[in-house]
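Below is protein27.txt, which holds compact mmCIF, C-alpha atoms.
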# COMPACT_ATOMS: atom_id res chain seq x y z
CA MET A 1 -0.64 148.68 104.24
CA GLY A 2 -1.72 146.14 101.70
CA ASN A 3 -3.85 143.17 102.69
CA ARG A 4 -1.06 140.71 101.85
CA LEU A 5 1.37 142.49 104.19
CA VAL A 6 -1.17 142.56 107.02
CA THR A 7 -1.90 138.87 106.49
CA ARG A 8 1.83 138.02 106.58
CA MET A 9 2.29 140.05 109.76
CA ILE A 10 -0.61 138.24 111.45
CA ILE A 11 0.75 134.83 110.40
CA ALA A 12 4.24 135.72 111.66
CA ALA A 13 2.80 136.89 115.01
CA LEU A 14 0.76 133.70 115.40
CA LEU A 15 3.78 131.56 114.58
CA ALA A 16 5.89 133.46 117.11
CA ILE A 17 3.26 132.95 119.80
CA GLY A 18 2.99 129.25 118.96
CA CYS A 19 6.77 128.81 119.08
CA SER A 20 6.91 130.16 122.62
CA GLN A 21 4.83 127.23 123.91
CA SER A 22 6.24 123.80 124.72
CA ALA A 23 4.66 120.52 123.71
CA PRO A 24 2.61 118.87 126.48
CA GLY A 25 4.94 116.87 128.74
CA ALA A 26 8.09 118.38 127.23
CA ARG A 27 10.88 119.37 129.59
CA VAL A 28 14.61 120.08 129.78
CA PHE A 29 16.78 119.07 132.71
CA PHE A 30 20.29 118.51 133.99
CA VAL A 31 21.56 114.95 133.58
CA SER A 32 24.68 115.88 135.55
CA PRO A 33 25.27 117.48 137.96
CA LYS A 34 22.08 117.27 140.02
CA ASN A 35 20.63 119.99 142.21
CA GLY A 36 22.65 120.30 145.43
CA ASP A 37 25.72 118.42 144.14
CA THR A 38 29.27 119.42 144.99
CA ILE A 39 31.40 119.44 141.85
CA LYS A 40 35.05 119.99 140.90
CA PRO A 41 36.16 123.34 139.44
CA LEU A 42 36.48 121.65 136.03
CA SER A 43 33.35 119.57 135.56
CA THR A 44 31.26 118.02 132.84
CA ILE A 45 27.77 119.47 132.58
CA GLU A 46 25.20 117.48 130.61
CA PHE A 47 21.59 118.31 129.71
CA GLY A 48 18.68 116.18 128.62
CA SER A 49 15.14 116.62 127.38
CA THR A 50 11.89 114.78 126.76
CA GLY A 51 9.05 115.53 124.37
CA VAL A 52 11.14 117.63 121.96
CA THR A 53 13.71 117.11 119.22
CA VAL A 54 17.21 118.50 119.83
CA ALA A 55 18.95 119.65 116.65
CA ALA A 56 21.49 122.13 115.34
CA VAL A 57 20.18 125.53 114.32
CA PRO A 58 19.84 125.81 110.54
CA PRO A 59 22.41 128.11 108.91
CA GLY A 60 21.54 131.58 107.65
CA GLU A 61 18.84 134.08 108.52
CA LEU A 62 15.56 132.44 109.46
CA LYS A 63 12.09 133.91 109.24
CA PRO A 64 9.54 133.15 111.98
CA GLU A 65 7.59 130.86 109.64
CA GLN A 66 10.75 128.72 109.13
CA VAL A 67 11.11 127.85 112.84
CA ARG A 68 10.73 124.10 113.32
CA ALA A 69 7.99 123.07 115.74
CA ASN A 70 9.05 121.10 118.84
CA THR A 71 12.73 121.44 117.89
CA ILE A 72 15.16 122.99 120.35
CA HIS A 73 18.78 123.55 121.17
CA TYR A 74 20.23 124.22 124.61
CA HIS A 75 21.57 127.32 126.32
CA LEU A 76 23.44 127.26 129.62
CA GLY A 77 23.33 130.22 131.97
CA THR A 78 25.77 130.53 134.85
CA ASP A 79 24.43 132.34 137.92
CA ALA A 80 21.32 133.03 135.86
CA ASP A 81 17.60 132.40 136.13
CA CYS A 82 15.09 131.28 133.50
CA LEU A 83 14.18 133.98 131.00
CA PRO A 84 10.51 134.72 130.16
CA ALA A 85 8.90 132.78 127.29
CA GLY A 86 9.52 134.30 123.86
CA THR A 87 12.65 136.18 124.97
CA ALA A 88 15.71 136.14 122.71
CA ILE A 89 18.52 134.52 124.70
CA PRO A 90 21.55 136.85 124.79
CA LYS A 91 24.59 135.70 122.83
CA ALA A 92 26.88 136.83 125.63
CA SER A 93 27.83 136.00 129.20
CA PRO A 94 26.33 134.49 131.28
CA TRP A 95 24.82 132.39 128.46
CA VAL A 96 26.57 129.70 126.40
CA HIS A 97 24.77 128.65 123.21
CA PHE A 98 24.68 125.08 121.92
CA GLY A 99 23.42 125.91 118.43
CA ASP A 100 25.28 122.84 117.15
CA GLY A 101 22.77 120.59 118.97
CA LYS A 102 25.26 119.28 121.55
CA ASN A 103 24.20 118.62 125.13
CA VAL A 104 27.47 118.53 127.07
CA ILE A 105 30.27 120.89 128.05
CA GLU A 106 33.44 120.79 130.15
CA MET A 107 33.20 123.93 132.22
CA GLN A 108 35.54 125.72 134.62
CA LEU A 109 33.76 127.42 137.53
CA PRO A 110 35.24 129.30 140.48
CA PRO A 111 34.82 127.82 143.98
CA GLY A 112 31.56 128.57 145.76
CA GLN A 113 27.86 128.22 145.15
CA HIS A 114 26.46 128.73 141.63
CA ARG A 115 23.06 128.62 139.91
CA LEU A 116 23.04 126.83 136.56
CA ALA A 117 20.14 127.29 134.16
CA VAL A 118 19.50 125.09 131.13
CA GLN A 119 17.09 126.90 128.82
CA ALA A 120 15.72 125.60 125.53
CA GLY A 121 15.65 127.89 122.55
CA ASP A 122 13.94 127.60 119.19
CA ASP A 123 15.69 128.10 115.86
CA MET A 124 15.65 131.87 116.46
CA HIS A 125 17.15 131.48 119.98
CA ARG A 126 13.85 132.44 121.63
CA THR A 127 12.90 130.84 124.92
CA ILE A 128 10.03 128.37 125.08
CA ALA A 129 7.52 128.33 127.95
CA GLY A 130 8.22 125.57 130.46
CA LEU A 131 11.54 124.49 128.97
CA CYS A 132 14.00 125.68 131.57
CA GLU A 133 15.48 124.26 134.75
CA VAL A 134 17.68 125.92 137.36
CA ILE A 135 19.84 124.00 139.83
CA THR A 136 22.29 125.07 142.51
CA VAL A 137 25.72 123.45 142.79
CA THR A 138 28.70 124.02 145.02
CA VAL A 139 32.12 124.09 143.41
CA ALA A 140 34.75 122.63 145.76
CA GLU A 141 37.97 124.54 146.42
Please express the file's structure as structure tokens.
Amino acid sequence: MGNRLVTRMIIAALLAIGCSQSAPGARVFFVSPKNGDTIKPLSTIEFGSTGVTVAAVPPGELKPEQVRANTIHYHLGTDADCLPAGTAIPKASPWVHFGDGKNVIEMQLPPGQHRLAVQAGDDMHRTIAGLCEVITVTVAE
């Protein structure tokens, strides 16, 4: 391999490692519902964050060096747990992507107890260390 290619690979790896870390004091959380709440089968779920910028994912194919620092978008997992830092969040159930930068959804859930996970992703939909919260709610019959 040429020196330029090796240098680019090292830079890309360092950027990927850096992107998997959250800014000090940054967090994501549920605005509504709260942990332990009983909710209706059709409910509004809203997320919030501190210490980061929430924005739509840029269009097109991104390279690791194009990922914006401290910029996230949300992902909602139903009956899911937080994924490890640096993991690509699946674009399938149980995850819903909010690549448009929105922070709210009207969601239909079956009756019973459910775990909801809000997980921040970078521009490449990779998880970021410390930017996930899981709550448990009960959906009324």
Using all atoms listed in the file, give me every residue within 7 Å of (18.2, 129.3, 115.1) in file coordinates, as a PDB file with C-alpha atoms, in the coordinates of the input.
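Written file, result_37.pdb:
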ATOM      1  CA  VAL A  57      20.180 125.530 114.320  1.00  0.00           C
ATOM      2  CA  PRO A  58      19.840 125.810 110.540  1.00  0.00           C
ATOM      3  CA  LEU A  62      15.560 132.440 109.460  1.00  0.00           C
ATOM      4  CA  ASP A 122      13.940 127.600 119.190  1.00  0.00           C
ATOM      5  CA  ASP A 123      15.690 128.100 115.860  1.00  0.00           C
ATOM      6  CA  MET A 124      15.650 131.870 116.460  1.00  0.00           C
ATOM      7  CA  HIS A 125      17.150 131.480 119.980  1.00  0.00           C
TER       8      HIS A 125
END
- Within 10 Å of Thr78 of chain A using all atoms listed in the file, minus same-chain residues under 3 positions, as a PyMOL selection string: chain A and resi 81+93-96+109+114-118+134
- Message: Restricting the calculation to only C-alpha atoms: of A:Gln119, A:Gln108, A:Thr127, A:Gln113, which residue gets closest to Asn35 of chain A?
- Response: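 Among the listed residues, A:Gln113 lies closest to Asn35 of chain A.
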- Could you check how far atom CA of Ile89 of chain A sits from atom CA of His73 of chain A, in Å to one decimal?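 We find that atom CA of Ile89 of chain A and atom CA of His73 of chain A lie 11.5 Å from each other.
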- How many Å lie between atom CA of Val104 of chain A and atom CA of Glu65 of chain A, rounded to one decimal? 29.2 Å
